[in-house]
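File shown: my_file34.tsv. Contents: TSV, C-alpha atoms and all ligand atoms.
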chain	number	residue	atom	x	y	z
Z	1	MET	CA	-133.41	-20.23	39.29
Z	2	ALA	CA	-134.19	-16.91	37.58
Z	3	GLY	CA	-135.92	-14.53	39.97
Z	4	GLY	CA	-134.58	-16.40	42.99
Z	5	LYS	CA	-133.56	-14.29	45.96
Z	6	VAL	CA	-130.05	-14.88	47.23
Z	7	LEU	CA	-128.52	-13.50	50.40
Z	8	ILE	CA	-124.74	-13.57	50.74
Z	9	VAL	CA	-123.51	-13.04	54.29
Z	10	TYR	CA	-119.96	-11.86	53.73
Z	11	ALA	CA	-117.31	-11.34	56.41
Z	12	HIS	CA	-113.89	-10.13	55.32
Z	13	GLN	CA	-112.05	-6.85	55.86
Z	14	GLU	CA	-110.36	-6.56	52.44
Z	15	PRO	CA	-112.45	-6.39	49.23
Z	16	ARG	CA	-109.43	-7.39	47.09
Z	17	SER	CA	-108.81	-10.54	49.17
Z	18	PHE	CA	-109.36	-14.12	47.99
Z	19	ASN	CA	-112.60	-14.15	49.99
Z	20	GLY	CA	-113.61	-10.95	48.23
Z	21	SER	CA	-113.06	-12.70	44.88
Z	22	LEU	CA	-115.24	-15.66	45.91
Z	23	LYS	CA	-118.01	-13.23	46.86
Z	24	ASP	CA	-117.61	-11.26	43.61
Z	25	VAL	CA	-117.90	-14.34	41.35
Z	26	ALA	CA	-120.98	-15.46	43.28
Z	27	VAL	CA	-122.64	-12.05	42.77
Z	28	ALA	CA	-121.70	-12.04	39.07
Z	29	GLU	CA	-122.79	-15.61	38.29
Z	30	LEU	CA	-126.07	-15.48	40.23
Z	31	SER	CA	-126.96	-12.05	38.81
Z	32	ARG	CA	-126.24	-13.45	35.32
Z	33	GLN	CA	-128.83	-16.16	36.08
Z	34	GLY	CA	-131.40	-13.45	36.83
Z	35	CYS	CA	-131.31	-13.83	40.61
Z	36	ARG	CA	-131.78	-10.91	42.96
Z	37	VAL	CA	-128.61	-10.87	45.01
Z	38	THR	CA	-128.23	-9.05	48.33
Z	39	VAL	CA	-124.89	-8.89	50.12
Z	40	SER	CA	-124.67	-8.32	53.87
Z	41	ASP	CA	-121.08	-7.09	54.11
Z	42	LEU	CA	-120.67	-7.42	57.88
Z	43	TYR	CA	-117.39	-5.51	58.23
Z	44	ALA	CA	-118.50	-2.67	55.93
Z	45	MET	CA	-121.74	-2.43	57.89
Z	46	GLY	CA	-119.89	-2.47	61.21
Z	47	PHE	CA	-122.28	-5.23	62.25
Z	48	GLU	CA	-122.14	-5.78	66.01
Z	49	PRO	CA	-121.34	-9.50	66.51
Z	50	SER	CA	-121.58	-9.70	70.29
Z	51	ALA	CA	-124.87	-10.48	72.00
Z	52	THR	CA	-125.57	-7.66	74.45
Z	53	ARG	CA	-128.53	-5.92	76.08
Z	54	LYS	CA	-128.33	-3.30	73.31
Z	55	ASP	CA	-130.04	-5.95	71.12
Z	56	VAL	CA	-133.22	-5.36	73.13
Z	57	THR	CA	-135.09	-2.07	72.93
Z	58	GLY	CA	-137.50	-0.85	75.60
Z	59	ALA	CA	-137.92	-2.26	79.09
Z	60	LEU	CA	-136.30	-5.53	80.13
Z	61	SER	CA	-138.54	-8.16	81.71
Z	62	ASN	CA	-135.97	-8.62	84.51
Z	63	PRO	CA	-133.63	-5.57	84.73
Z	64	SER	CA	-131.93	-6.84	87.93
Z	65	PHE	CA	-130.52	-9.98	86.28
Z	66	PHE	CA	-129.87	-9.91	82.54
Z	67	ASN	CA	-130.57	-13.24	80.81
Z	68	TYR	CA	-129.89	-12.85	77.07
Z	69	GLY	CA	-131.91	-15.91	76.02
Z	70	VAL	CA	-135.00	-14.84	77.96
Z	71	GLU	CA	-134.79	-11.13	77.07
Z	72	SER	CA	-134.11	-11.65	73.35
Z	73	HIS	CA	-136.95	-14.19	73.10
Z	74	GLU	CA	-139.30	-11.73	74.84
Z	75	ALA	CA	-138.09	-8.89	72.61
Z	76	TYR	CA	-138.66	-11.05	69.50
Z	77	ARG	CA	-142.29	-11.59	70.60
Z	78	ARG	CA	-142.79	-7.88	71.40
Z	79	LYS	CA	-141.03	-6.92	68.12
Z	80	ALA	CA	-138.56	-5.00	70.24
Z	81	LEU	CA	-135.26	-6.36	68.92
Z	82	SER	CA	-132.82	-3.69	67.72
Z	83	SER	CA	-133.19	-2.59	64.10
Z	84	ASP	CA	-129.85	-4.03	62.86
Z	85	ILE	CA	-131.00	-7.52	63.91
Z	86	VAL	CA	-134.52	-7.10	62.50
Z	87	GLU	CA	-133.07	-6.00	59.14
Z	88	GLU	CA	-130.93	-9.16	58.86
Z	89	GLN	CA	-133.81	-11.41	59.96
Z	90	LYS	CA	-135.94	-9.89	57.18
Z	91	LYS	CA	-133.25	-10.58	54.57
Z	92	LEU	CA	-132.96	-14.20	55.74
Z	93	GLN	CA	-136.71	-14.77	55.64
Z	94	GLU	CA	-136.99	-13.42	52.09
Z	95	ALA	CA	-134.04	-15.38	50.68
Z	96	ASP	CA	-134.37	-18.65	48.71
Z	97	LEU	CA	-130.65	-19.37	49.00
Z	98	VAL	CA	-128.28	-18.16	51.69
Z	99	ILE	CA	-124.52	-18.25	51.20
Z	100	PHE	CA	-122.29	-17.65	54.19
Z	101	GLN	CA	-118.91	-16.36	53.00
Z	102	GLY	CA	-116.48	-15.92	55.83
Z	103	LYS	CA	-113.59	-17.49	57.72
Z	104	LEU	CA	-115.84	-18.92	60.41
Z	105	ALA	CA	-119.08	-19.55	58.54
Z	106	VAL	CA	-120.66	-22.33	56.56
Z	107	LEU	CA	-121.14	-23.36	52.93
Z	108	SER	CA	-118.40	-21.24	51.37
Z	109	PHE	CA	-115.29	-20.45	53.35
Z	110	THR	CA	-111.52	-20.61	53.28
Z	111	THR	CA	-109.25	-22.38	55.75
Z	112	GLY	CA	-105.89	-21.43	57.22
Z	113	GLY	CA	-104.57	-24.97	56.80
Z	114	THR	CA	-104.24	-27.37	53.88
Z	115	ALA	CA	-106.73	-30.11	52.99
Z	116	GLU	CA	-104.45	-32.78	54.56
Z	117	MET	CA	-104.61	-30.97	57.92
Z	118	TYR	CA	-108.41	-31.29	57.86
Z	119	SER	CA	-108.47	-35.05	57.25
Z	120	LYS	CA	-109.28	-37.70	59.85
Z	121	THR	CA	-105.59	-38.23	60.60
Z	122	GLY	CA	-104.58	-34.58	60.11
Z	123	VAL	CA	-103.73	-32.18	62.95
Z	124	ARG	CA	-107.10	-30.38	62.74
Z	125	GLY	CA	-109.22	-33.53	62.30
Z	126	ASP	CA	-111.85	-34.11	59.62
Z	127	PHE	CA	-113.36	-30.79	58.40
Z	128	ARG	CA	-116.85	-32.23	58.90
Z	129	TYR	CA	-116.32	-32.23	62.69
Z	130	PHE	CA	-116.18	-28.43	62.91
Z	131	LEU	CA	-119.13	-28.07	60.53
Z	132	TRP	CA	-121.38	-30.01	62.92
Z	133	PRO	CA	-122.27	-27.13	65.31
Z	134	LEU	CA	-122.72	-24.61	62.47
Z	135	GLN	CA	-124.41	-26.66	59.76
Z	136	HIS	CA	-126.42	-28.95	62.00
Z	137	GLY	CA	-126.65	-27.13	65.33
Z	138	THR	CA	-127.50	-23.75	63.80
Z	139	LEU	CA	-128.62	-23.97	60.13
Z	140	HIS	CA	-130.46	-27.32	60.16
Z	141	PHE	CA	-131.96	-26.47	63.55
Z	142	CYS	CA	-133.28	-23.20	62.09
Z	143	GLY	CA	-134.94	-25.08	59.21
Z	144	PHE	CA	-132.36	-24.71	56.43
Z	145	LYS	CA	-131.70	-27.47	53.94
Z	146	VAL	CA	-127.93	-27.58	53.92
Z	147	LEU	CA	-125.91	-27.96	50.71
Z	148	ALA	CA	-122.42	-29.45	50.72
Z	149	PRO	CA	-119.88	-26.84	51.83
Z	150	GLN	CA	-117.60	-25.11	49.34
Z	151	ILE	CA	-114.22	-25.18	51.01
Z	152	SER	CA	-111.23	-23.40	49.53
Z	153	PHE	CA	-108.38	-25.01	51.46
Z	154	GLY	CA	-105.34	-22.97	52.40
Z	155	PRO	CA	-105.33	-20.22	49.74
Z	156	GLU	CA	-102.31	-18.72	51.50
Z	157	TYR	CA	-100.23	-21.81	50.61
Z	158	ALA	CA	-101.66	-22.17	47.10
Z	159	SER	CA	-100.12	-20.81	43.92
Z	160	GLU	CA	-101.80	-17.97	42.02
Z	161	GLU	CA	-102.94	-20.53	39.45
Z	162	GLU	CA	-104.42	-22.81	42.14
Z	163	ARG	CA	-106.26	-19.85	43.67
Z	164	ARG	CA	-107.73	-18.97	40.27
Z	165	GLY	CA	-108.79	-22.60	39.98
Z	166	MET	CA	-110.62	-22.43	43.33
Z	167	VAL	CA	-112.49	-19.26	42.33
Z	168	ALA	CA	-113.37	-20.81	38.94
Z	169	ALA	CA	-114.60	-24.01	40.63
Z	170	TRP	CA	-116.94	-21.97	42.85
Z	171	ALA	CA	-118.27	-20.01	39.84
Z	172	GLN	CA	-118.78	-23.30	37.97
Z	173	ARG	CA	-120.64	-24.88	40.88
Z	174	LEU	CA	-122.94	-21.85	41.13
Z	175	THR	CA	-124.14	-22.42	37.54
Z	176	THR	CA	-126.05	-25.52	38.72
Z	177	ILE	CA	-126.41	-24.82	42.45
Z	178	TRP	CA	-130.22	-24.69	42.21
Z	179	GLU	CA	-130.31	-28.33	41.09
Z	180	GLU	CA	-128.24	-29.64	43.99
Z	181	GLU	CA	-129.70	-32.03	46.52
Z	182	PRO	CA	-129.09	-31.05	50.15
Z	183	ILE	CA	-126.74	-33.21	52.18
Z	184	ASP	CA	-128.18	-35.76	54.59
Z	185	CYS	CA	-127.55	-33.51	57.57
Z	186	SER	CA	-127.37	-36.25	60.20
Z	187	PRO	CA	-124.59	-37.66	62.40
Z	188	PRO	CA	-123.37	-40.24	59.80
Z	189	TRP	CA	-122.54	-37.41	57.33
Z	190	TYR	CA	-120.36	-35.73	59.94
Z	191	PHE	CA	-118.92	-38.62	61.89
Z	192	GLY	CA	-119.20	-41.59	59.51
Z	193	PRO	CA	-116.23	-43.17	57.71
E	1	ZN	ZN	-128.46	-31.55	60.52
Represent the structure of the file as structure tokens.
Ligand code: ZN
Amino acid sequence: MAGGKVLIVYAHQEPRSFNGSLKDVAVAELSRQGCRVTVSDLYAMGFEPSATRKDVTGALSNPSFFNYGVESHEAYRRKALSSDIVEEQKKLQEADLVIFQGKLAVLSFTTGGTAEMYSKTGVRGDFRYFLWPLQHGTLHFCGFKVLAPQISFGPEYASEEERRGMVAAWAQRLTTIWEEEPIDCSPPWYFGP
């Protein structure tokens, strides 16, 4: 989709890491397609991940008892959320495709364990179980159409050649990502056979 706006939310400390490579191929391939790619590099930005009263500017509606849900909702209506949050909200609203690239995020991420560990009978259980709160509870709830996740299993245990293969597979998938149908983001996808 030439001219499409893509936001990559990237969370890793080391640019030369495997995660850094996955981000780099995504930027290269999507730019090659003529997309406008923005990267929110959360560590480089020093993005504040905890939800605190600093997220709200100006007077609180109840200063004697801080309720984050109430105060942030009020602040959103008064346009009084802190500028770092407003900036990210703007990027999300403008984007046609959002890729989350980080150890704990959705769509494209790496795992500490191998693929077998994330199967129904594996020690971690089926990988779809831990995607439920993120993909369904957060993304779907916020109105996203969710594409199948890109999971690079256990790069730490993989050979150099296997790691190259995982990066190449991601680059290959991105060539046709605009034609993909979203997953049926409903309980059967996550908890079915
Ligand atoms: Zn869903």
Please list as a PyMOL selection string every residue within 6 Å of segment 106-116 of chain Z, counting all atoms listed in the file and excluding residues in the same chain fewer than 2 positions away. chain Z and resi 100-103+118-119+122+149-154
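Checking Z:Asn19, Z:Thr121, Z:Thr38, Z:Gln13 one by one against Glu156 of chain Z, counting all atoms listed in the file, you find the shortest gap at Z:Asn19.
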Residue contacts of segment 68-83 of chain Z (12 Å, only C-alpha atoms) excluding same-chain residues fewer than 2 positions away, as a VMD selection string: chain Z and resid 47 to 48 50 to 63 65 to 66 85 to 90
Excluding same-chain residues fewer than 5 positions from Ser31 of chain Z, what lies within 12 Å of it counting all atoms listed in the file, as a list in words? Met1, Ala2, Gly3, Gly4, Lys5, Val6, Leu7, Asp24, Val25, Ala26, Arg36, Val37, Thr38, Val39, Ala171, Leu174 and Thr175 of chain Z
Neighbourhood of ligand ZN 1 (chain E) at 7 Å, counting all atoms listed in the file, reported as an MDAnalysis selection string: chainID Z and resid 135:137 140:141 185:186
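Note that atom CA of Phe191 of chain Z and atom CA of Pro133 of chain Z are 12.4 Å apart.
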Residue with the minimum atom-to-atom distance to Cys35 of chain Z, picked from Z:Arg16, Z:Val9, Z:Ala95, Z:Asp126 with all atoms listed in the file counted, is Z:Ala95
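Between atom CA of Val98 of chain Z and atom CA of Leu30 of chain Z lies a distance of 12.0 Å.
The space separating atom CA of Leu97 of chain Z from atom CA of Lys23 of chain Z comes to 14.2 Å.
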Edge lengths and centre in Å, axis-aligned, segment 159-165 of chain Z plus 6 Å each side, as lines of an AutoDock Vina configuration file:
center_x = -104.5
center_y = -20.4
center_z = 41.7
size_x = 20.7
size_y = 16.8
size_z = 16.5
